$ cat my_file_29.cif   # mmCIF, C-alpha atoms and all ligand atoms
data_start
#
loop_
_atom_site.label_atom_id
_atom_site.label_comp_id
_atom_site.auth_asym_id
_atom_site.auth_seq_id
_atom_site.Cartn_x
_atom_site.Cartn_y
_atom_site.Cartn_z
CA MET A 1 44.91 -10.24 -22.76
CA ILE A 2 44.05 -13.07 -25.18
CA ASP A 3 46.59 -15.40 -23.55
CA GLU A 4 45.29 -14.60 -20.09
CA LEU A 5 41.70 -15.20 -21.12
CA ALA A 6 42.74 -18.53 -22.67
CA ARG A 7 44.42 -19.53 -19.40
CA ALA A 8 41.31 -18.49 -17.44
CA ASP A 9 39.21 -20.49 -19.89
CA ASN A 10 41.31 -23.61 -19.24
CA ALA A 11 41.13 -23.11 -15.49
CA VAL A 12 37.35 -22.75 -15.56
CA ALA A 13 37.01 -25.76 -17.88
CA SER A 14 38.83 -27.94 -15.35
CA CYS A 15 36.38 -26.74 -12.64
CA ALA A 16 33.48 -27.97 -14.75
CA ASP A 17 34.82 -31.51 -14.41
CA ALA A 18 35.32 -31.27 -10.64
CA ALA A 19 32.88 -33.18 -8.46
CA ALA A 20 30.75 -30.72 -6.47
CA TRP A 21 29.38 -33.53 -4.31
CA ALA A 22 32.84 -34.10 -2.86
CA LEU A 23 33.00 -30.58 -1.37
CA SER A 24 32.03 -29.68 2.18
CA GLU A 25 29.25 -27.18 2.70
CA ARG A 26 31.74 -24.47 3.63
CA GLU A 27 33.69 -25.15 0.41
CA LEU A 28 30.50 -25.07 -1.64
CA ILE A 29 29.61 -21.63 -0.27
CA ALA A 30 33.15 -20.37 -0.94
CA ALA A 31 32.87 -21.75 -4.49
CA LEU A 32 29.55 -19.94 -4.98
CA ASP A 33 31.07 -16.62 -3.86
CA ALA A 34 34.11 -17.15 -6.09
CA THR A 35 32.07 -17.95 -9.22
CA HIS A 36 29.93 -14.85 -8.64
CA ARG A 37 32.97 -12.59 -8.22
CA LEU A 38 34.59 -14.10 -11.30
CA GLN A 39 31.39 -13.66 -13.30
CA GLN A 40 31.23 -9.94 -12.42
CA ARG A 41 34.92 -9.38 -13.18
CA LEU A 42 34.58 -11.14 -16.49
CA ALA A 43 31.51 -9.03 -17.26
CA ALA A 44 33.58 -5.91 -16.53
CA VAL A 45 36.24 -7.07 -19.01
CA GLN A 46 33.56 -7.78 -21.60
CA LEU A 47 32.00 -4.33 -21.12
CA ALA A 48 35.37 -2.66 -21.73
CA VAL A 49 35.80 -4.69 -24.92
CA VAL A 50 32.27 -3.86 -26.12
CA ARG A 51 32.85 -0.17 -25.38
CA GLU A 52 36.07 -0.15 -27.41
CA LEU A 53 34.49 -2.02 -30.34
CA ASP A 54 31.55 0.39 -30.27
CA GLY A 55 33.88 3.40 -30.18
CA ARG A 56 35.85 2.15 -33.19
CA GLY A 57 32.71 1.54 -35.22
CA THR A 58 33.68 -2.10 -35.79
CA ALA A 59 30.05 -3.11 -36.33
CA VAL A 60 29.74 -0.86 -39.38
CA THR A 61 33.00 -2.06 -40.96
CA GLN A 62 31.72 -5.61 -40.41
CA GLY A 63 28.60 -4.70 -42.41
CA ALA A 64 26.06 -4.34 -39.58
CA SER A 65 23.90 -1.27 -39.02
CA SER A 66 24.80 -0.86 -35.34
CA THR A 67 26.80 -2.41 -32.53
CA THR A 68 23.56 -3.82 -31.06
CA VAL A 69 22.66 -5.58 -34.30
CA TRP A 70 26.19 -6.86 -34.75
CA LEU A 71 26.38 -8.23 -31.17
CA ARG A 72 23.05 -9.93 -31.64
CA ASP A 73 24.37 -11.88 -34.62
CA ARG A 74 27.88 -12.42 -33.29
CA LEU A 75 26.84 -13.66 -29.82
CA ARG A 76 23.38 -14.92 -30.81
CA LEU A 77 21.70 -12.72 -28.18
CA ASP A 78 18.18 -11.45 -28.34
CA VAL A 79 17.84 -7.76 -29.20
CA ALA A 80 17.04 -6.66 -25.65
CA ALA A 81 20.14 -8.34 -24.24
CA ALA A 82 22.37 -6.88 -26.96
CA ARG A 83 20.97 -3.41 -26.38
CA ARG A 84 21.45 -3.76 -22.62
CA LEU A 85 25.07 -4.73 -23.15
CA VAL A 86 25.82 -1.69 -25.32
CA GLY A 87 23.97 0.66 -22.95
CA LEU A 88 25.73 -0.73 -19.92
CA ALA A 89 29.12 -0.45 -21.58
CA ALA A 90 28.42 3.21 -22.39
CA SER A 91 27.15 4.16 -18.94
CA VAL A 92 30.03 2.44 -17.14
CA ASP A 93 32.46 4.14 -19.54
CA VAL A 94 31.34 7.67 -18.62
CA ALA A 95 30.97 6.86 -14.91
CA PRO A 96 33.54 8.12 -12.38
CA PRO A 97 36.66 5.88 -12.34
CA ALA A 98 35.70 4.50 -8.92
CA VAL A 99 32.74 2.70 -10.50
CA ARG A 100 34.95 0.91 -13.04
CA GLU A 101 37.47 0.05 -10.33
CA ALA A 102 34.78 -1.43 -8.09
CA LEU A 103 33.44 -3.48 -11.00
CA ALA A 104 36.87 -4.69 -12.09
CA GLY A 105 37.70 -5.56 -8.48
CA GLY A 106 34.62 -7.73 -8.20
CA VAL A 107 33.31 -5.49 -5.39
CA VAL A 108 30.03 -4.61 -7.14
CA SER A 109 27.93 -6.58 -9.60
CA VAL A 110 27.23 -5.36 -13.13
CA GLU A 111 23.66 -4.38 -12.24
CA GLN A 112 24.86 -2.52 -9.15
CA ALA A 113 27.47 -0.72 -11.27
CA ARG A 114 24.72 0.45 -13.60
CA VAL A 115 22.70 1.83 -10.67
CA ILE A 116 25.76 3.62 -9.28
CA ALA A 117 26.65 5.02 -12.72
CA ASP A 118 23.09 6.29 -13.25
CA THR A 119 23.00 7.88 -9.80
CA ALA A 120 26.41 9.47 -10.35
CA ALA A 121 25.14 11.04 -13.59
CA THR A 122 22.09 12.52 -11.83
CA VAL A 123 24.18 13.84 -8.94
CA THR A 124 26.78 15.34 -11.30
CA ALA A 125 24.01 17.24 -13.09
CA SER A 126 22.46 18.64 -9.92
CA ALA A 127 25.43 19.03 -7.54
CA GLY A 128 28.66 18.77 -9.52
CA ALA A 129 31.44 16.21 -10.03
CA GLU A 130 32.97 16.49 -6.59
CA VAL A 131 29.73 15.59 -4.80
CA ALA A 132 29.17 12.80 -7.36
CA ASP A 133 32.54 11.25 -6.47
CA LYS A 134 31.54 11.25 -2.83
CA ALA A 135 28.22 9.66 -3.71
CA VAL A 136 29.96 6.90 -5.65
CA GLY A 137 32.13 6.13 -2.60
CA VAL A 138 29.07 5.72 -0.38
CA LEU A 139 27.14 3.68 -2.95
CA VAL A 140 30.04 1.28 -3.57
CA GLU A 141 30.13 0.65 0.16
CA TRP A 142 26.36 0.08 0.28
CA ALA A 143 26.62 -2.30 -2.66
CA GLY A 144 28.22 -4.77 -0.24
CA GLN A 145 24.84 -5.05 1.51
CA PHE A 146 22.03 -4.14 -0.88
CA ASP A 147 20.66 -5.57 -4.13
CA PRO A 148 20.34 -3.30 -7.20
CA THR A 149 16.66 -2.42 -6.60
CA LEU A 150 17.23 -1.33 -3.02
CA LEU A 151 20.44 0.41 -4.00
CA ARG A 152 18.56 2.45 -6.61
CA ARG A 153 15.93 3.46 -4.08
CA MET A 154 18.60 4.52 -1.59
CA GLY A 155 20.55 6.26 -4.34
CA SER A 156 17.59 8.55 -4.97
CA ARG A 157 18.23 10.08 -1.52
CA ILE A 158 22.03 9.93 -1.69
CA LEU A 159 22.36 13.73 -1.34
CA ASP A 160 21.03 13.40 2.22
CA HIS A 161 24.29 11.64 3.00
CA VAL A 162 26.88 13.44 0.91
CA ALA A 163 25.49 16.99 0.58
CA PRO A 164 22.61 17.55 3.04
CA ASP A 165 22.62 21.30 2.37
CA LEU A 166 21.91 20.69 -1.33
CA SER A 167 19.64 17.76 -0.72
CA ASP A 168 16.31 19.45 -0.09
CA ALA A 169 16.62 21.92 -2.96
CA ALA A 170 17.75 19.19 -5.37
CA ALA A 171 15.02 16.83 -4.23
CA ALA A 172 12.39 19.55 -4.61
CA ALA A 173 13.68 20.43 -8.08
CA ALA A 174 13.75 16.77 -9.14
CA LEU A 175 10.24 16.26 -7.80
CA ALA A 176 8.93 19.37 -9.58
CA ALA A 177 10.55 18.27 -12.86
CA GLU A 178 9.12 14.78 -12.49
CA ASP A 179 5.68 16.19 -11.72
CA ALA A 180 5.75 18.48 -14.76
CA ARG A 181 6.77 15.54 -16.95
CA ALA A 182 3.96 13.37 -15.58
CA THR A 183 1.37 16.11 -16.12
CA ARG A 184 2.53 16.72 -19.68
CA ASP A 185 2.69 13.01 -20.58
CA ARG A 186 -0.59 11.90 -19.01
CA HIS A 187 -2.95 10.30 -21.50
CA LEU A 188 -5.27 7.39 -22.05
CA THR A 189 -5.93 5.96 -25.49
CA ILE A 190 -8.85 3.66 -26.16
CA SER A 191 -8.55 2.10 -29.59
CA GLU A 192 -11.23 -0.12 -31.02
CA GLN A 193 -10.10 -3.40 -32.52
CA THR A 194 -12.00 -5.12 -35.31
CA ASP A 195 -13.32 -7.94 -33.11
CA GLY A 196 -15.12 -5.58 -30.74
CA ARG A 197 -12.39 -5.53 -28.15
CA LEU A 198 -10.68 -2.39 -26.97
CA ARG A 199 -6.99 -1.81 -26.51
CA LEU A 200 -6.11 0.44 -23.58
CA THR A 201 -2.80 2.23 -23.54
CA GLY A 202 -1.67 5.19 -21.56
CA THR A 203 0.41 6.71 -18.83
CA LEU A 204 -1.15 7.86 -15.58
CA ASP A 205 0.20 10.65 -13.42
CA ALA A 206 1.05 9.75 -9.84
CA GLU A 207 -2.27 10.83 -8.39
CA THR A 208 -4.37 8.94 -10.94
CA ALA A 209 -2.08 5.93 -10.61
CA GLY A 210 -2.75 6.02 -6.88
CA LEU A 211 -6.51 6.20 -7.46
CA LEU A 212 -6.44 3.32 -9.94
CA ARG A 213 -4.38 1.11 -7.67
CA ALA A 214 -6.52 1.93 -4.65
CA ALA A 215 -9.62 1.06 -6.66
CA ILE A 216 -8.51 -2.12 -8.42
CA ASP A 217 -5.78 -3.66 -6.24
CA PRO A 218 -8.13 -4.99 -3.54
CA LEU A 219 -10.37 -6.37 -6.30
CA SER A 220 -7.48 -8.00 -8.16
CA ALA A 221 -6.82 -10.65 -5.52
CA PRO A 222 -7.91 -14.21 -6.39
CA ALA A 223 -11.59 -14.75 -5.50
CA GLY A 224 -11.11 -17.96 -3.54
CA PRO A 225 -9.15 -21.19 -4.10
CA ASP A 226 -10.97 -22.09 -7.33
CA ASP A 227 -9.88 -18.88 -9.04
CA THR A 228 -7.64 -19.83 -11.95
CA ARG A 229 -7.54 -16.39 -13.61
CA CYS A 230 -4.08 -14.96 -14.25
CA PRO A 231 -3.18 -11.58 -12.67
CA GLY A 232 -3.84 -9.73 -15.94
CA GLN A 233 -7.31 -11.25 -16.21
CA ARG A 234 -8.03 -10.41 -12.57
CA ARG A 235 -7.00 -6.76 -13.08
CA HIS A 236 -9.22 -6.62 -16.16
CA ASP A 237 -12.21 -7.96 -14.21
CA ALA A 238 -11.44 -5.56 -11.34
CA LEU A 239 -11.70 -2.64 -13.76
CA ALA A 240 -15.09 -3.94 -14.88
CA ASP A 241 -16.19 -4.19 -11.22
CA VAL A 242 -15.17 -0.58 -10.57
CA CYS A 243 -17.09 0.63 -13.65
CA ARG A 244 -20.14 -1.39 -12.59
CA LEU A 245 -20.05 0.17 -9.13
CA ALA A 246 -19.70 3.68 -10.57
CA LEU A 247 -22.70 3.09 -12.86
CA ARG A 248 -24.78 1.70 -10.00
CA THR A 249 -24.35 4.91 -7.96
CA GLY A 250 -26.35 6.82 -10.60
CA GLU A 251 -24.06 9.79 -10.02
CA LEU A 252 -22.23 9.82 -13.32
CA PRO A 253 -23.12 12.75 -15.61
CA ASP A 254 -25.98 12.14 -18.04
CA SER A 255 -25.22 11.28 -21.60
CA GLY A 256 -27.72 13.09 -23.82
CA GLY A 257 -30.41 13.22 -21.11
CA ASP A 258 -30.28 9.52 -20.25
CA PRO A 259 -28.50 8.26 -17.18
CA ALA A 260 -25.08 6.76 -17.96
CA GLN A 261 -25.56 3.05 -18.38
CA VAL A 262 -24.93 0.09 -20.62
CA VAL A 263 -27.89 -1.02 -22.72
CA VAL A 264 -28.09 -4.56 -24.00
CA THR A 265 -30.53 -5.14 -26.84
CA THR A 266 -31.73 -8.66 -27.37
CA GLY A 267 -34.62 -10.59 -28.87
CA TYR A 268 -37.15 -12.21 -26.53
CA ASP A 269 -36.35 -15.59 -28.09
CA ALA A 270 -32.67 -15.12 -27.43
CA LEU A 271 -33.34 -14.63 -23.77
CA THR A 272 -35.86 -17.43 -23.27
CA ARG A 273 -34.54 -20.13 -25.53
CA GLN A 274 -30.90 -19.11 -25.38
CA LEU A 275 -30.86 -18.62 -29.12
CA GLY A 276 -29.39 -15.86 -31.20
CA ALA A 277 -27.29 -13.12 -29.79
CA GLY A 278 -27.52 -9.70 -28.25
CA ALA A 279 -25.86 -6.40 -28.89
CA LEU A 280 -24.41 -3.73 -26.64
CA ASP A 281 -25.50 -0.19 -27.38
CA ILE A 282 -21.97 0.55 -28.58
CA GLY A 283 -22.58 -2.01 -31.32
CA LEU A 284 -20.75 -5.05 -30.00
CA GLN A 285 -22.27 -8.52 -30.45
CA LEU A 286 -22.74 -10.79 -27.44
CA THR A 287 -23.37 -14.52 -27.05
CA PRO A 288 -26.74 -15.66 -25.62
CA ASP A 289 -25.03 -16.86 -22.40
CA THR A 290 -23.51 -13.42 -21.89
CA VAL A 291 -26.84 -11.69 -22.57
CA ARG A 292 -28.54 -13.78 -19.89
CA ARG A 293 -25.80 -13.00 -17.40
CA LEU A 294 -25.91 -9.26 -18.12
CA ALA A 295 -29.69 -9.31 -17.77
CA CYS A 296 -29.25 -10.23 -14.06
CA ASP A 297 -27.21 -7.12 -13.40
CA ALA A 298 -28.93 -3.98 -12.14
CA ALA A 299 -26.14 -1.78 -13.52
CA ILE A 300 -27.05 -2.86 -17.03
CA LEU A 301 -30.31 -2.08 -18.79
CA PRO A 302 -31.72 -4.84 -20.96
CA ALA A 303 -33.93 -3.77 -23.87
CA VAL A 304 -35.88 -6.81 -24.93
CA LEU A 305 -37.34 -6.83 -28.43
CA GLY A 306 -40.31 -8.92 -29.58
CA GLY A 307 -40.60 -10.83 -32.86
CA ALA A 308 -41.33 -7.75 -34.97
CA GLY A 309 -38.65 -5.75 -33.25
CA GLN A 310 -41.11 -3.83 -31.02
CA VAL A 311 -39.79 -3.03 -27.58
CA LEU A 312 -41.36 -5.42 -25.08
CA ASP A 313 -39.55 -4.43 -21.98
CA VAL A 314 -37.13 -1.66 -21.28
CA GLY A 315 -35.91 -0.54 -17.94
CA ARG A 316 -35.67 -1.55 -14.37
CA GLN A 317 -38.97 -3.19 -13.73
CA ARG A 318 -39.78 -5.48 -10.87
CA ARG A 319 -37.57 -8.25 -12.20
CA LEU A 320 -34.42 -6.51 -11.02
CA ILE A 321 -33.29 -7.13 -7.48
CA THR A 322 -32.91 -3.67 -5.96
CA GLY A 323 -34.01 -1.72 -2.87
CA PRO A 324 -35.34 -3.66 0.15
CA LEU A 325 -35.05 -7.00 -1.65
CA ARG A 326 -31.35 -6.44 -2.31
CA ARG A 327 -30.85 -5.39 1.32
CA ALA A 328 -32.50 -8.60 2.49
CA LEU A 329 -30.27 -10.57 0.13
CA VAL A 330 -27.17 -8.82 1.49
CA LEU A 331 -28.25 -9.70 5.05
CA ARG A 332 -28.73 -13.34 4.10
CA ASP A 333 -25.58 -13.91 1.99
CA GLY A 334 -23.20 -11.33 3.48
CA GLY A 335 -21.22 -11.13 0.21
CA CYS A 336 -20.48 -13.38 -2.75
CA ALA A 337 -22.06 -16.72 -1.81
CA PHE A 338 -19.70 -18.85 -3.91
CA PRO A 339 -17.63 -21.25 -1.78
CA GLY A 340 -14.32 -19.69 -0.70
CA CYS A 341 -15.03 -16.18 -2.05
CA ASP A 342 -14.50 -13.17 0.22
CA ARG A 343 -15.96 -10.37 -1.94
CA PRO A 344 -18.25 -8.05 0.08
CA PRO A 345 -21.79 -7.15 -1.15
CA ARG A 346 -20.95 -3.93 -2.99
CA TRP A 347 -19.02 -5.92 -5.61
CA CYS A 348 -21.84 -8.37 -6.14
CA ALA A 349 -24.72 -8.70 -8.58
CA ALA A 350 -27.96 -10.41 -7.65
CA HIS A 351 -28.27 -13.55 -9.75
CA HIS A 352 -31.64 -15.17 -10.42
CA ILE A 353 -31.33 -18.88 -9.63
CA HIS A 354 -34.17 -19.52 -12.08
CA HIS A 355 -33.70 -16.87 -14.78
CA TRP A 356 -36.46 -14.22 -14.97
CA ALA A 357 -36.67 -14.65 -18.72
CA ASP A 358 -37.71 -18.29 -18.07
CA GLY A 359 -40.41 -17.20 -15.63
CA GLY A 360 -38.28 -17.17 -12.48
CA PRO A 361 -39.80 -14.93 -9.77
CA THR A 362 -38.02 -11.93 -8.30
CA ASN A 363 -37.90 -12.82 -4.62
CA LEU A 364 -35.43 -13.85 -1.95
CA THR A 365 -35.80 -17.59 -2.58
CA ASN A 366 -34.83 -17.15 -6.23
CA ALA A 367 -31.83 -14.87 -5.68
CA VAL A 368 -28.19 -15.27 -4.76
CA LEU A 369 -25.44 -12.70 -4.36
CA LEU A 370 -22.40 -13.29 -6.62
CA CYS A 371 -19.30 -11.26 -7.40
CA GLY A 372 -18.55 -10.51 -11.07
CA HIS A 373 -16.15 -13.42 -11.39
CA HIS A 374 -18.46 -16.02 -9.83
CA HIS A 375 -21.51 -14.63 -11.59
CA ARG A 376 -19.69 -15.37 -14.83
CA HIS A 377 -18.71 -18.78 -13.43
CA ILE A 378 -22.34 -19.75 -12.72
CA HIS A 379 -23.61 -18.64 -16.13
CA HIS A 380 -20.79 -20.05 -18.24
CA THR A 381 -19.72 -23.29 -16.52
CA GLU A 382 -21.52 -26.40 -15.31
CA TRP A 383 -21.63 -25.29 -11.68
CA THR A 384 -25.22 -24.85 -10.45
CA VAL A 385 -26.69 -23.07 -7.44
CA ARG A 386 -29.78 -23.77 -5.33
CA LEU A 387 -31.06 -22.94 -1.86
CA GLY A 388 -30.32 -25.62 0.73
CA ASP A 389 -32.60 -26.88 3.52
CA ASN A 390 -31.65 -23.98 5.78
CA GLY A 391 -32.49 -21.41 3.11
CA ARG A 392 -28.82 -20.64 2.35
CA PRO A 393 -27.35 -20.97 -1.13
CA GLU A 394 -25.35 -24.09 -1.93
CA PHE A 395 -23.35 -24.80 -5.04
CA VAL A 396 -23.17 -28.10 -6.88
CA PRO A 397 -19.89 -28.77 -8.67
CA PRO A 398 -19.86 -30.34 -12.14
CA ALA A 399 -19.53 -34.15 -12.20
CA TRP A 400 -16.09 -34.03 -13.79
CA LEU A 401 -14.85 -32.09 -10.75
CA ASP A 402 -16.66 -34.10 -8.08
CA PRO A 403 -18.32 -37.37 -9.22
CA ASP A 404 -20.53 -37.36 -6.06
CA GLN A 405 -21.53 -33.72 -6.71
CA VAL A 406 -21.59 -32.86 -2.99
CA PRO A 407 -22.98 -29.32 -2.57
CA ARG A 408 -20.52 -26.71 -1.22
CA ARG A 409 -21.18 -23.57 0.78
CA ASN A 410 -19.42 -20.33 1.52
CA HIS A 411 -18.27 -20.23 5.15
CA TYR A 412 -16.35 -17.00 4.81
CA HIS A 413 -18.97 -14.34 5.49
CA ARG A 414 -19.83 -14.23 9.17
CA ARG A 415 -23.51 -14.12 9.83
CA THR A 416 -25.28 -13.01 12.95
ZN ZN B 501 -27.06 -14.26 -13.27
ZN ZN B 502 -17.16 -14.52 -5.70
#
$ encode --input "my_file_29.cif" --output "structure tokens"
Amino acid sequence: MIDELARADNAVASCADAAAWALSERELIAALDATHRLQQRLAAVQLAVVRELDGRGTAVTQGASSTTVWLRDRLRLDVAAARRLVGLAASVDVAPPAVREALAGGVVSVEQARVIADTAATVTASAGAEVADKAVGVLVEWAGQFDPTLLRRMGSRILDHVAPDLSDAAAAAALAAEDARATRDRHLTISEQTDGRLRLTGTLDAETAGLLRAAIDPLSAPAGPDDTRCPGQRRHDALADVCRLALRTGELPDSGGDPAQVVVTTGYDALTRQLGAGALDIGLQLTPDTVRRLACDAAILPAVLGGAGQVLDVGRQRRLITGPLRRALVLRDGGCAFPGCDRPPRWCAAHHIHHWADGGPTNLTNAVLLCGHHHRHIHHTEWTVRLGDNGRPEFVPPAWLDPDQVPRRNHYHRRT
């Protein structure tokens, strides 16, 4: 085996020197296929070697704690790759012989072999070895056409093809077992971190996962061409949007007699002169910019304190844009008014162009509809908004973005 591998090594080394540019397109494609087949065959040989080394406990005699750890050092792999190699070697080893033959023959790739081996194990458990052998035959044939992901999906219904009489019962049993597991394992942990942030971890059952996706997926799309948030940030903001909407309905259960809502406490000076900070009622500190932004939002209740700490202003007084005024605003703007944004009105807050804490009036000419993302954008960047000659909002980009500062408008929302 060593001699043969050395010969193969020499042969491959001479290919590395060959000039690919001199080949015709047809030869290039043939070369691509050949390298892939060779790669898979070589991987099969390596898996057999790893399996044998693992079985003999070589890692321990070499002073390592496990085969994974030893492979990591020996081959300078990262831990995940070393673990994958050991796992793959084990699952191919216990798979029906047809899987190993297909792998050694270069008929299936290593990843496909893993899928087939996994499926064979499931089928053996539910329908016996004979049916599993049949399933392997079908899957090896399919592997000529389908990538590992698709193959796995098709493998989950393999009994339809090889044992239709068992299929429904097995599928129902598998589904019931999966459902019981999901119900038992469902949980959501919210752990507070020292800097006021929360860490969310958990596992949702299928139904709740469906609800979450239905609620946040449409909100997780980029909000226009200027949106530079990464997908994780967009999902985070979508969750905030969903919570804001739920609070705005006023239908959440009371908490201690008060309606469920977020209360922001701030000093009057903080709001008017953008000094100092605010605090959320759960005890988190906020920057002045954030306090001013939250104070626009009807889902959040600002409690403004005077110099001596007396409460000057609590609650939804006339400064908040609600009721008929909000409806008029929705008619005028049709959704988030920021250029290029397609968010409809229900995801939008009414922003005061001239902040109410600075004496800005609460009327249609001082309001603009903005989604959560663009509301943040207006408060925390150098973009500004004003009403244009035709009474529609227009947005002025910062000078670093557009030296001429030509106002931009949203042309997305159709108006009648
Ligand atoms: Zn605002
Ligand atoms: Zn927007």
$ atom_distance --input "my_file_29.cif" --atom1 "CA of Ala22 (chain A)" --atom2 "CA of Thr35 (chain A)"
17.4 Å
$ atom_distance --input "my_file_29.cif" --atom1 "CA of Val138 (chain A)" --atom2 "CA of Val49 (chain A)"
27.5 Å
$ residues_near_ligand --input "my_file_29.cif" --ligand "ligand ZN 501 (chain B)" --cutoff "7 Å" --atoms "all atoms listed in the file" --output "list of chain:residue names"
A:Arg292, A:Arg293, A:Cys296, A:Ala350, A:His351, A:His352, A:His375, A:His379
$ residues_near_ligand --input "my_file_29.cif" --ligand "ligand ZN 502 (chain B)" --cutoff "7 Å" --atoms "all atoms listed in the file" --output "compact mmCIF listing (two decimals) with C-alpha atoms, keeping the file's coordinate frame"
# COMPACT_ATOMS: atom_id res chain seq x y z
CA ALA A 223 -11.59 -14.75 -5.50
CA CYS A 336 -20.48 -13.38 -2.75
CA ALA A 337 -22.06 -16.72 -1.81
CA PHE A 338 -19.70 -18.85 -3.91
CA CYS A 341 -15.03 -16.18 -2.05
CA ASP A 342 -14.50 -13.17 0.22
CA ARG A 343 -15.96 -10.37 -1.94
CA LEU A 370 -22.40 -13.29 -6.62
CA CYS A 371 -19.30 -11.26 -7.40
CA GLY A 372 -18.55 -10.51 -11.07
CA HIS A 373 -16.15 -13.42 -11.39
CA HIS A 374 -18.46 -16.02 -9.83
$ residues_around --input "my_file_29.cif" --residues "Ala120 (chain A)" --least-positions-apart "4" --cutoff "7 Å" --atoms "all atoms listed in the file" --output "JSON, numbers by chain"
{"A": [95, 116, 124, 132, 135, 136]}
$ write_last_selection --input "my_file_29.cif" --atoms "C-alpha atoms" --output "mmCIF file, in the coordinates of the input"
data_model
loop_
_atom_site.group_PDB
_atom_site.id
_atom_site.type_symbol
_atom_site.label_atom_id
_atom_site.label_comp_id
_atom_site.auth_asym_id
_atom_site.auth_seq_id
_atom_site.Cartn_x
_atom_site.Cartn_y
_atom_site.Cartn_z
ATOM 1 C CA ALA A 95 30.970 6.860 -14.910
ATOM 2 C CA ILE A 116 25.760 3.620 -9.280
ATOM 3 C CA THR A 124 26.780 15.340 -11.300
ATOM 4 C CA ALA A 132 29.170 12.800 -7.360
ATOM 5 C CA ALA A 135 28.220 9.660 -3.710
ATOM 6 C CA VAL A 136 29.960 6.900 -5.650
#
